[in-house]
$ cat final_17.tsv   # TSV, C-alpha atoms (C1' of nucleotides)
chain	number	residue	atom	x	y	z
T	997	MET	CA	78.85	17.94	-61.42
T	998	LYS	CA	75.85	19.41	-63.20
T	999	ALA	CA	72.73	19.84	-61.12
T	1000	SER	CA	70.69	17.99	-63.73
T	1001	GLN	CA	73.08	15.04	-63.64
T	1002	GLU	CA	72.88	14.79	-59.89
T	1003	PHE	CA	69.13	15.08	-60.04
T	1004	PHE	CA	68.76	12.10	-62.33
T	1005	GLN	CA	71.36	10.07	-60.52
T	1006	GLN	CA	69.40	10.38	-57.30
T	1007	PHE	CA	66.18	9.87	-59.17
T	1008	MET	CA	67.26	6.55	-60.63
T	1009	LEU	CA	68.70	5.33	-57.34
T	1010	LEU	CA	65.56	6.24	-55.48
T	1011	TYR	CA	63.48	4.46	-58.08
T	1012	ARG	CA	65.29	1.18	-57.53
T	1013	SER	CA	65.05	1.50	-53.76
T	1014	PHE	CA	61.38	2.21	-53.94
T	1015	GLU	CA	60.64	-0.52	-56.48
T	1016	HIS	CA	62.36	-2.95	-54.17
T	1017	HIS	CA	60.02	-2.18	-51.31
T	1018	LEU	CA	56.98	-1.98	-53.52
T	1019	ASN	CA	57.71	-5.45	-54.85
T	1020	ASP	CA	57.91	-6.75	-51.31
T	1021	VAL	CA	54.45	-5.47	-50.55
T	1022	LEU	CA	52.86	-6.44	-53.86
T	1023	GLY	CA	54.44	-9.89	-53.68
T	1024	ASN	CA	52.31	-10.64	-50.63
T	1025	TYR	CA	49.26	-10.37	-52.86
T	1026	GLY	CA	50.68	-12.08	-55.94
T	1027	LEU	CA	50.88	-8.81	-57.83
T	1028	TYR	CA	53.61	-7.10	-59.82
T	1029	ARG	CA	54.42	-3.49	-60.45
T	1030	ALA	CA	53.05	-3.35	-64.00
T	1031	GLN	CA	49.80	-4.97	-62.95
T	1032	TRP	CA	49.51	-2.68	-59.99
T	1033	SER	CA	49.95	0.43	-62.10
T	1034	ILE	CA	47.07	-0.65	-64.32
T	1035	LEU	CA	44.80	-1.34	-61.37
T	1036	HIS	CA	45.75	2.05	-59.99
T	1037	TYR	CA	44.79	3.72	-63.24
T	1038	LEU	CA	41.45	1.92	-63.34
T	1039	ALA	CA	40.74	2.84	-59.73
T	1040	ASN	CA	41.25	6.50	-60.53
T	1041	ASN	CA	39.67	6.62	-63.98
T	1042	GLY	CA	36.97	3.97	-63.90
T	1043	SER	CA	37.77	2.35	-67.21
T	1044	ALA	CA	40.35	2.40	-69.98
T	1045	THR	CA	41.24	1.09	-73.40
T	1046	LEU	CA	44.56	-0.57	-74.04
T	1047	VAL	CA	45.86	2.33	-76.11
T	1048	GLU	CA	44.90	4.73	-73.35
T	1049	LEU	CA	46.93	2.70	-70.88
T	1050	ALA	CA	49.86	2.36	-73.24
T	1051	GLN	CA	50.09	6.11	-73.69
T	1052	TYR	CA	49.67	6.84	-70.03
T	1053	LEU	CA	52.26	4.32	-68.94
T	1054	ARG	CA	54.62	5.06	-71.85
T	1055	VAL	CA	54.78	1.49	-72.96
T	1056	GLU	CA	54.12	-0.27	-76.27
T	1057	LYS	CA	50.80	-1.96	-76.94
T	1058	PRO	CA	51.99	-5.57	-76.76
T	1059	THR	CA	53.33	-4.95	-73.27
T	1060	ILE	CA	49.90	-3.81	-72.19
T	1061	THR	CA	48.18	-6.72	-73.92
T	1062	ARG	CA	50.27	-9.16	-71.94
T	1063	THR	CA	49.80	-7.52	-68.57
T	1064	ILE	CA	46.08	-7.14	-69.15
T	1065	SER	CA	45.67	-10.76	-70.10
T	1066	ARG	CA	47.33	-11.80	-66.87
T	1067	LEU	CA	44.96	-9.64	-64.87
T	1068	GLU	CA	42.08	-11.10	-66.88
T	1069	ASN	CA	43.18	-14.63	-66.14
T	1070	ILE	CA	43.22	-13.99	-62.43
T	1071	GLY	CA	39.76	-12.51	-62.81
T	1072	TYR	CA	40.45	-8.94	-61.75
T	1073	LEU	CA	39.06	-7.31	-64.90
T	1074	SER	CA	35.82	-7.21	-66.82
T	1075	HIS	CA	34.88	-5.77	-70.21
T	1076	ILE	CA	32.62	-2.91	-71.08
T	1077	PRO	CA	31.35	-2.68	-74.63
T	1078	GLY	CA	32.51	0.53	-76.31
T	1079	LYS	CA	30.88	2.03	-79.36
T	1080	ASP	CA	34.00	1.31	-81.42
T	1081	ARG	CA	34.14	-2.41	-82.00
T	1082	ARG	CA	37.90	-2.35	-82.39
T	1083	GLU	CA	38.56	-1.13	-78.92
T	1084	LYS	CA	38.58	-3.21	-75.77
T	1085	ARG	CA	37.38	-1.17	-72.85
T	1086	ILE	CA	38.04	-2.65	-69.44
T	1087	GLU	CA	37.32	-1.93	-65.81
T	1088	MET	CA	38.03	-3.68	-62.53
T	1089	SER	CA	35.81	-6.59	-61.65
T	1090	GLU	CA	34.22	-6.97	-58.24
T	1091	THR	CA	37.05	-9.18	-56.98
T	1092	GLY	CA	39.57	-6.91	-58.64
T	1093	TYR	CA	38.32	-3.97	-56.69
T	1094	ILE	CA	38.23	-5.85	-53.42
T	1095	LEU	CA	41.85	-6.82	-53.88
T	1096	TYR	CA	42.81	-3.32	-54.95
T	1097	ALA	CA	41.31	-1.80	-51.83
T	1098	GLU	CA	43.22	-4.22	-49.63
T	1099	VAL	CA	46.56	-3.71	-51.35
T	1100	ARG	CA	45.98	0.03	-51.48
T	1101	ILE	CA	46.06	0.15	-47.70
T	1102	ALA	CA	49.38	-1.66	-47.54
T	1103	VAL	CA	50.92	0.46	-50.30
T	1104	ASP	CA	49.65	3.66	-48.72
T	1105	ALA	CA	51.27	2.65	-45.46
T	1106	LEU	CA	54.55	1.97	-47.20
T	1107	GLU	CA	54.49	5.24	-49.08
T	1108	GLU	CA	53.62	7.28	-46.04
T	1109	ASP	CA	56.32	5.58	-44.07
T	1110	ILE	CA	58.92	6.33	-46.72
T	1111	LEU	CA	57.89	9.96	-46.89
T	1112	SER	CA	57.54	10.41	-43.16
T	1113	GLY	CA	60.57	12.70	-43.09
T	1114	VAL	CA	59.26	15.00	-45.80
T	1115	SER	CA	56.71	17.67	-45.03
T	1116	GLU	CA	53.37	17.64	-46.82
T	1117	GLU	CA	54.17	20.90	-48.55
T	1118	GLN	CA	57.47	19.59	-49.81
T	1119	GLN	CA	55.79	16.46	-51.08
T	1120	GLN	CA	53.25	18.50	-52.97
T	1121	GLN	CA	55.83	20.84	-54.37
T	1122	THR	CA	57.97	17.95	-55.56
T	1123	THR	CA	54.94	16.30	-57.10
T	1124	ARG	CA	54.23	19.51	-59.01
T	1125	ILE	CA	57.79	19.64	-60.27
T	1126	MET	CA	57.67	16.04	-61.43
T	1127	LYS	CA	54.38	16.67	-63.21
T	1128	GLY	CA	55.96	19.61	-64.97
T	1129	ILE	CA	58.98	17.60	-66.05
T	1130	ARG	CA	56.81	14.82	-67.40
T	1131	HIS	CA	54.80	17.37	-69.32
T	1132	GLN	CA	58.00	18.72	-70.82
T	1133	LEU	CA	58.96	15.19	-71.86
T	1134	THR	CA	55.58	14.55	-73.43
T	1135	SER	CA	55.71	17.64	-75.59
T	1136	LYS	CA	59.24	16.70	-76.59
T	1137	GLU	CA	57.93	13.34	-77.78
T	1138	HIS	CA	55.26	14.99	-79.87
T	1139	THR	CA	57.65	17.30	-81.67
T	1140	ASN	CA	59.91	14.32	-82.34
T	1141	GLU	CA	57.07	12.38	-83.90
T	1142	GLN	CA	56.30	15.18	-86.28
T	1143	LYS	CA	59.80	15.12	-87.70
H	73	MET	CA	44.08	11.47	-52.55
H	74	LYS	CA	46.98	11.30	-50.11
H	75	ALA	CA	49.96	13.51	-50.90
H	76	SER	CA	52.29	10.53	-50.61
H	77	GLN	CA	50.22	8.52	-53.06
H	78	GLU	CA	50.26	11.31	-55.60
H	79	PHE	CA	53.97	11.74	-55.09
H	80	PHE	CA	54.76	8.14	-55.95
H	81	GLN	CA	52.29	8.04	-58.79
H	82	GLN	CA	54.06	10.91	-60.47
H	83	PHE	CA	57.40	9.48	-59.52
H	84	MET	CA	56.73	6.17	-61.24
H	85	LEU	CA	55.28	7.82	-64.32
H	86	LEU	CA	58.22	10.14	-64.62
H	87	TYR	CA	60.59	7.24	-64.27
H	88	ARG	CA	59.10	5.43	-67.24
H	89	SER	CA	59.11	8.59	-69.35
H	90	PHE	CA	62.70	9.28	-68.52
H	91	GLU	CA	63.84	5.70	-69.01
H	92	HIS	CA	62.24	5.77	-72.41
H	93	HIS	CA	64.34	8.74	-73.52
H	94	LEU	CA	67.45	7.46	-71.83
H	95	ASN	CA	67.15	4.18	-73.71
H	96	ASP	CA	66.89	6.09	-76.96
H	97	VAL	CA	70.16	7.85	-76.29
H	98	LEU	CA	72.01	4.84	-74.89
H	99	GLY	CA	70.78	2.68	-77.76
H	100	ASN	CA	72.79	4.80	-80.17
H	101	TYR	CA	75.90	3.58	-78.40
H	102	GLY	CA	74.83	-0.03	-77.87
H	103	LEU	CA	74.42	0.51	-74.15
H	104	TYR	CA	71.63	-0.28	-71.69
H	105	ARG	CA	70.52	1.38	-68.50
H	106	ALA	CA	72.07	-1.13	-66.11
H	107	GLN	CA	75.41	-0.97	-67.91
H	108	TRP	CA	75.29	2.78	-67.96
H	109	SER	CA	74.65	3.04	-64.25
H	110	ILE	CA	77.75	0.96	-63.57
H	111	LEU	CA	79.91	3.07	-65.87
H	112	HIS	CA	78.53	6.13	-64.15
H	113	TYR	CA	79.51	4.77	-60.76
H	114	LEU	CA	83.01	3.94	-61.96
H	115	ALA	CA	83.42	7.38	-63.47
H	116	ASN	CA	82.58	8.97	-60.15
H	117	ASN	CA	84.34	6.56	-57.84
H	118	GLY	CA	87.28	5.27	-59.80
H	119	SER	CA	86.86	1.61	-59.03
H	120	ALA	CA	84.47	-0.79	-57.36
H	121	THR	CA	83.91	-4.35	-56.25
H	122	LEU	CA	80.81	-6.25	-57.27
H	123	VAL	CA	79.36	-6.20	-53.79
H	124	GLU	CA	79.90	-2.47	-53.61
H	125	LEU	CA	77.94	-2.03	-56.83
H	126	ALA	CA	75.20	-4.40	-55.73
H	127	GLN	CA	74.62	-2.43	-52.55
H	128	TYR	CA	74.75	0.91	-54.27
H	129	LEU	CA	72.36	-0.10	-57.02
H	130	ARG	CA	70.11	-2.15	-54.70
H	131	VAL	CA	70.38	-5.25	-56.78
H	132	GLU	CA	71.43	-8.84	-56.02
H	133	LYS	CA	74.93	-10.02	-56.77
H	134	PRO	CA	74.13	-12.27	-59.74
H	135	THR	CA	72.53	-9.35	-61.51
H	136	ILE	CA	75.74	-7.41	-61.18
H	137	THR	CA	77.85	-10.37	-62.27
H	138	ARG	CA	75.93	-10.60	-65.51
H	139	THR	CA	76.01	-6.92	-66.34
H	140	ILE	CA	79.69	-6.71	-65.52
H	141	SER	CA	80.54	-9.67	-67.70
H	142	ARG	CA	78.81	-7.99	-70.62
H	143	LEU	CA	80.80	-4.83	-70.12
H	144	GLU	CA	83.94	-6.96	-69.86
H	145	ASN	CA	83.18	-8.74	-73.11
H	146	ILE	CA	82.84	-5.45	-74.94
H	147	GLY	CA	86.16	-4.44	-73.41
H	148	TYR	CA	85.04	-1.48	-71.34
H	149	LEU	CA	86.44	-2.74	-68.04
H	150	SER	CA	89.76	-3.82	-66.62
H	151	HIS	CA	90.74	-5.46	-63.35
H	152	ILE	CA	92.76	-4.10	-60.47
H	153	PRO	CA	94.20	-6.57	-58.02
H	154	GLY	CA	92.82	-6.01	-54.53
H	155	LYS	CA	94.47	-7.27	-51.38
H	156	ASP	CA	91.60	-9.66	-50.75
H	157	ARG	CA	91.85	-12.43	-53.32
H	158	ARG	CA	88.13	-13.11	-53.19
H	159	GLU	CA	87.12	-9.72	-54.41
H	160	LYS	CA	87.12	-8.58	-58.00
H	161	ARG	CA	87.92	-4.91	-58.19
H	162	ILE	CA	87.23	-3.26	-61.52
H	163	GLU	CA	87.66	0.08	-63.22
H	164	MET	CA	86.93	1.47	-66.66
H	165	SER	CA	89.38	0.58	-69.38
H	166	GLU	CA	90.79	3.17	-71.76
H	167	THR	CA	88.15	2.45	-74.39
H	168	GLY	CA	85.53	2.30	-71.69
H	169	TYR	CA	86.34	5.78	-70.57
H	170	ILE	CA	86.43	7.15	-74.09
H	171	LEU	CA	82.97	5.78	-74.71
H	172	TYR	CA	81.72	7.02	-71.37
H	173	ALA	CA	82.87	10.56	-72.08
H	174	GLU	CA	81.10	10.54	-75.42
H	175	VAL	CA	77.83	9.17	-74.08
H	176	ARG	CA	78.05	11.46	-71.07
H	177	ILE	CA	77.75	14.46	-73.37
H	178	ALA	CA	74.62	13.09	-75.00
H	179	VAL	CA	73.03	12.12	-71.68
H	180	ASP	CA	73.89	15.47	-70.14
H	181	ALA	CA	72.22	17.20	-73.04
H	182	LEU	CA	69.11	15.08	-72.62
H	183	GLU	CA	68.95	15.66	-68.90
H	184	GLU	CA	69.44	19.39	-69.17
H	185	ASP	CA	66.83	19.57	-71.86
H	186	ILE	CA	64.32	17.71	-69.73
H	187	LEU	CA	64.99	19.95	-66.74
H	188	SER	CA	65.09	23.16	-68.73
H	189	GLY	CA	61.85	24.33	-67.14
H	190	VAL	CA	63.06	23.76	-63.59
H	191	SER	CA	65.29	26.28	-61.87
H	192	GLU	CA	68.70	25.23	-60.63
H	193	GLU	CA	67.66	25.82	-57.02
H	194	GLN	CA	64.58	23.69	-57.40
H	195	GLN	CA	66.64	20.93	-58.97
H	196	GLN	CA	69.04	20.98	-56.06
H	197	GLN	CA	66.32	21.10	-53.51
H	198	THR	CA	64.54	18.16	-55.10
H	199	THR	CA	67.80	16.24	-55.27
H	200	ARG	CA	68.28	16.83	-51.56
H	201	ILE	CA	64.79	15.56	-50.84
H	202	MET	CA	65.34	12.44	-52.90
H	203	LYS	CA	68.62	11.78	-51.12
H	204	GLY	CA	66.83	12.09	-47.80
H	205	ILE	CA	64.10	9.69	-48.84
H	206	ARG	CA	66.61	7.14	-50.03
H	207	HIS	CA	68.44	7.44	-46.76
H	208	GLN	CA	65.20	6.78	-44.93
H	209	LEU	CA	64.68	3.68	-47.06
H	210	THR	CA	68.18	2.42	-46.40
H	211	SER	CA	67.85	2.65	-42.65
H	212	LYS	CA	64.48	0.91	-42.91
H	213	GLU	CA	66.20	-1.95	-44.72
H	214	HIS	CA	68.80	-2.26	-41.99
H	215	THR	CA	66.31	-2.46	-39.18
H	216	ASN	CA	64.40	-5.09	-41.13
H	217	GLU	CA	67.53	-7.18	-41.51
H	218	GLN	CA	68.14	-7.18	-37.79
H	219	LYS	CA	64.74	-8.72	-37.08
M	503	DA	C1'	29.89	4.26	-102.42
M	504	DT	C1'	34.26	2.68	-102.55
M	505	DC	C1'	38.93	2.50	-101.68
M	506	DT	C1'	42.64	3.73	-98.89
M	507	DA	C1'	44.50	5.38	-94.21
M	508	DA	C1'	44.69	5.01	-89.86
M	509	DT	C1'	43.61	2.92	-85.48
M	510	DA	C1'	42.98	-0.90	-81.80
M	511	DG	C1'	44.54	-4.98	-80.55
M	512	DT	C1'	47.00	-9.54	-80.91
M	513	DT	C1'	50.65	-12.91	-81.86
M	514	DA	C1'	55.25	-14.46	-82.12
M	515	DC	C1'	59.64	-13.80	-80.78
M	516	DC	C1'	63.76	-11.51	-78.74
M	517	DT	C1'	66.30	-9.11	-74.97
M	518	DT	C1'	67.36	-6.97	-70.55
M	519	DA	C1'	67.32	-7.26	-65.99
M	520	DG	C1'	65.54	-8.59	-61.92
M	521	DC	C1'	65.19	-12.85	-58.53
M	522	DT	C1'	66.44	-17.40	-55.69
M	523	DA	C1'	69.12	-21.46	-54.64
M	524	DA	C1'	73.18	-23.71	-54.54
M	525	DC	C1'	77.79	-23.59	-55.00
M	526	DC	C1'	83.31	-22.50	-54.74
M	527	DA	C1'	87.20	-19.88	-52.91
M	528	DT	C1'	89.02	-17.12	-49.58
M	529	DT	C1'	89.26	-14.68	-45.38
M	530	DA	C1'	88.05	-13.64	-40.45
M	531	DG	C1'	87.02	-15.03	-35.92
M	532	DT	C1'	86.93	-18.17	-32.13
K	269	DA	C1'	92.45	-25.55	-36.70
K	270	DC	C1'	87.75	-25.20	-37.54
K	271	DT	C1'	83.82	-22.78	-38.42
K	272	DA	C1'	81.57	-18.27	-40.06
K	273	DA	C1'	81.14	-15.09	-43.01
K	274	DT	C1'	82.16	-12.82	-47.31
K	275	DG	C1'	82.86	-12.18	-52.48
K	276	DG	C1'	81.67	-14.04	-56.60
K	277	DT	C1'	79.72	-17.38	-60.02
K	278	DT	C1'	76.47	-20.64	-62.21
K	279	DA	C1'	72.03	-22.29	-63.45
K	280	DG	C1'	67.53	-21.43	-64.11
K	281	DC	C1'	63.16	-18.81	-63.51
K	282	DT	C1'	60.08	-14.69	-64.45
K	283	DA	C1'	58.53	-9.97	-65.46
K	284	DA	C1'	58.52	-6.54	-68.48
K	285	DG	C1'	60.19	-4.09	-71.98
K	286	DG	C1'	60.91	-4.00	-77.31
K	287	DT	C1'	59.97	-4.85	-82.83
K	288	DA	C1'	57.73	-6.84	-86.80
K	289	DA	C1'	53.97	-8.49	-88.87
K	290	DC	C1'	49.37	-9.41	-88.74
K	291	DT	C1'	43.73	-8.97	-88.38
K	292	DA	C1'	39.62	-6.32	-87.78
K	293	DT	C1'	37.34	-2.19	-87.75
K	294	DT	C1'	36.68	2.64	-88.54
K	295	DA	C1'	37.56	7.24	-90.70
K	296	DG	C1'	38.62	9.99	-94.60
K	297	DA	C1'	39.07	11.22	-99.43
K	298	DT	C1'	37.65	11.16	-103.91
$ encode --input "final_17.tsv" --output "structure tokens"
Amino acid sequence: MKASQEFFQQFMLLYRSFEHHLNDVLGNYGLYRAQWSILHYLANNGSATLVELAQYLRVEKPTITRTISRLENIGYLSHIPGKDRREKRIEMSETGYILYAEVRIAVDALEEDILSGVSEEQQQQTTRIMKGIRHQLTSKEHTNEQK
Amino acid sequence: MKASQEFFQQFMLLYRSFEHHLNDVLGNYGLYRAQWSILHYLANNGSATLVELAQYLRVEKPTITRTISRLENIGYLSHIPGKDRREKRIEMSETGYILYAEVRIAVDALEEDILSGVSEEQQQQTTRIMKGIRHQLTSKEHTNEQK
DNA sequence: ATCTAATAGTTACCTTAGCTAACCATTAGT
DNA sequence: ACTAATGGTTAGCTAAGGTAACTATTAGAT
């Protein structure tokens, strides 16, 4: 079997396994994967517009709108006025950040546990490879759009 | 940021990017990811029972039942009688395999393209790491069950 | 300055694909 | 022979993706 085929087979399988465990942890806090990934982005980047999130997460705008509105309803987000009146710039609210910090600890523990058999260097190397692959995919998307 | 956190961040992002492209390809053949993963399993293992698939794909039985029944309706599967009359053992039908072979070519091309910047050795090494991580997750699940 | 694109976001609606709970049929174990 | 356990199905829920069509605002071209 091709090396690339085996790579993606394992990749997909690992994704499901990991998602399974992640859902377990997030479920304890009433969160879901898509919501969590947005909170994670906001924690690392401070604020975001919906388009920014859509591009980063590789998802269409309506998907983001829905997930955001759920987070808004729970009260985890607040708005920042941007100079462009079309855009909706958001950040985590006080309560949003408090929750994030708490869940972050649990998720970190899970992730470290899962990777306990992999050396730090290997983790970093693999992360670099995945970054590179994603970059390759992104440029592929751009050339496709120009067609 | 922790190495493990960065690892899973990139992992999740790459998953979405890849799924996006995979859907594009599969869509041309009227297939979806979950269906494809079952065909893939059957291609590699010859036949399977539903429980076997559920465990392999880390999904509950009803999920498998539904996906299987779709594949059956299209006519891509056929039954093999097993000795146990409870179990439903399936394999790919003639038309199923013909389709699989055709889609396989397209998916292989996509996967090779995506990994074109990664050396064969690195691919294999990463595959090994992912296998190891999944194994770690599986044993974790077993110890949890015994509690 | 005005008119036309393009961009940001929303709404409505559809589908896949997960889940749990409750169930039937069959087999295994005591 | 009776009770577990196992394999599978049904019904029904939800998250999370998608497209199409829309509004409001901004940017660009003439």
$ interface_residues --input "final_17.tsv" --of "chain H" --to "chain M" --cutoff "10 Å" --atoms "all atoms listed in the file" --output "NGL selection string"
:H and (104-106 or 131-132 or 134-136 or 138-139 or 156-159)
$ write_last_selection --input "final_17.tsv" --atoms "C-alpha atoms" --output "compact mmCIF listing (two decimals), in the frame of the given file"
# COMPACT_ATOMS: atom_id res chain seq x y z
CA TYR H 104 71.63 -0.28 -71.69
CA ARG H 105 70.52 1.38 -68.50
CA ALA H 106 72.07 -1.13 -66.11
CA VAL H 131 70.38 -5.25 -56.78
CA GLU H 132 71.43 -8.84 -56.02
CA PRO H 134 74.13 -12.27 -59.74
CA THR H 135 72.53 -9.35 -61.51
CA ILE H 136 75.74 -7.41 -61.18
CA ARG H 138 75.93 -10.60 -65.51
CA THR H 139 76.01 -6.92 -66.34
CA ASP H 156 91.60 -9.66 -50.75
CA ARG H 157 91.85 -12.43 -53.32
CA ARG H 158 88.13 -13.11 -53.19
CA GLU H 159 87.12 -9.72 -54.41
$ atom_distance --input "final_17.tsv" --atom1 "CA of Leu182 in chain H" --atom2 "CA of Ile140 in chain H"
25.2 Å
$ atom_distance --input "final_17.tsv" --atom1 "CA of Thr121 in chain H" --atom2 "CA of Lys160 in chain H"
5.6 Å
$ atom_distance --input "final_17.tsv" --atom1 "CA of Ala178 in chain H" --atom2 "CA of Leu114 in chain H"
18.0 Å
$ closest_atom_pairs --input "final_17.tsv" --of "chain H" --to "chain T" --cutoff "9 Å" --atoms "all atoms listed in the file" --output "CSV"
residue,atom,partner,partner_atom,distance
H:Lys74,CA,T:Asp1104,CA,8.2
H:Ala75,CA,T:Gln1120,CA,6.3
H:Ser76,CA,T:Glu1108,CA,5.8
H:Gln77,CA,T:Asp1104,CA,6.5
H:Glu78,CA,T:Thr1123,CA,7.0
H:Phe79,CA,T:Thr1123,CA,5.1
H:Phe80,CA,T:Glu1107,CA,7.5
H:Gln81,CA,T:Ser1033,CA,8.6
H:Gln82,CA,T:Met1126,CA,6.3
H:Phe83,CA,T:Met1126,CA,6.8
H:Met84,CA,T:Tyr1011,CA,7.6
H:Leu85,CA,T:Leu1053,CA,6.5
H:Leu86,CA,T:Arg1130,CA,5.6
H:Tyr87,CA,T:Tyr1011,CA,7.4
H:Arg88,CA,T:Arg1054,CA,6.4
H:Ser89,CA,T:Arg1054,CA,6.2
H:Phe90,CA,T:Leu1133,CA,7.8
H:His92,CA,T:Arg1054,CA,7.7
H:His93,CA,T:Leu1133,CA,8.6
H:Ser109,CA,T:Gln1005,CA,8.6
H:His112,CA,T:Gln1005,CA,9.0
H:Tyr128,CA,T:Leu1009,CA,8.1
H:Leu129,CA,T:Leu1009,CA,6.6
H:Arg130,CA,T:Ser1013,CA,6.3
H:Val131,CA,T:Arg1012,CA,8.2
H:Val179,CA,T:Gln1001,CA,8.6
H:Asp180,CA,T:Gln1001,CA,6.6
H:Glu183,CA,T:Ser1000,CA,5.9
H:Glu184,CA,T:Ser1000,CA,5.8
H:Asp185,CA,T:Gln1132,CA,8.9
H:Ile186,CA,T:Leu1133,CA,6.3
H:Leu187,CA,T:Ile1129,CA,6.5
H:Ser188,CA,T:Gln1132,CA,8.6
H:Gly189,CA,T:Ile1129,CA,7.4
H:Val190,CA,T:Ile1125,CA,7.5
H:Glu192,CA,T:Ala999,CA,6.7
H:Glu193,CA,T:Ala999,CA,8.8
H:Gln194,CA,T:Ile1125,CA,8.4
H:Gln195,CA,T:Phe1003,CA,6.4
H:Gln196,CA,T:Ala999,CA,6.4
H:Thr198,CA,T:Thr1122,CA,6.6
H:Thr199,CA,T:Phe1003,CA,5.1
H:Arg200,CA,T:Phe1003,CA,8.7
H:Ile201,CA,T:Val1114,CA,7.5
H:Met202,CA,T:Gln1006,CA,6.3
H:Lys203,CA,T:Gln1006,CA,6.4
H:Gly204,CA,T:Gly1113,CA,7.9
H:Ile205,CA,T:Leu1111,CA,6.5
H:Arg206,CA,T:Leu1010,CA,5.6
H:Gln208,CA,T:Ile1110,CA,6.5
H:Leu209,CA,T:Ile1110,CA,6.3
H:Thr210,CA,T:Ser1013,CA,8.1
H:Lys212,CA,T:Ile1110,CA,8.6
$ closest_residue --input "final_17.tsv" --among "K:DG275, K:DT293, K:DG280, K:DT287" --to "chain T" --atoms "only C-alpha atoms (C1' of nucleotides)"
K:DT293
$ closest_atom_pairs --input "final_17.tsv" --of "chain K" --to "chain H" --cutoff "10 Å" --atoms "only C-alpha atoms (C1' of nucleotides)" --output "tab-separated table"
residue	atom	partner	partner_atom	distance
K:DT274	C1'	H:Arg158	CA	8.4
K:DG275	C1'	H:Glu159	CA	5.3
K:DG276	C1'	H:Glu159	CA	7.3
K:DT277	C1'	H:Pro134	CA	7.6
K:DT278	C1'	H:Pro134	CA	9.0
$ closest_residue --input "final_17.tsv" --among "H:Ile177, H:Leu125, H:Leu103, H:Leu111" --to "Ser165 in chain H" --atoms "all atoms listed in the file"
H:Leu111
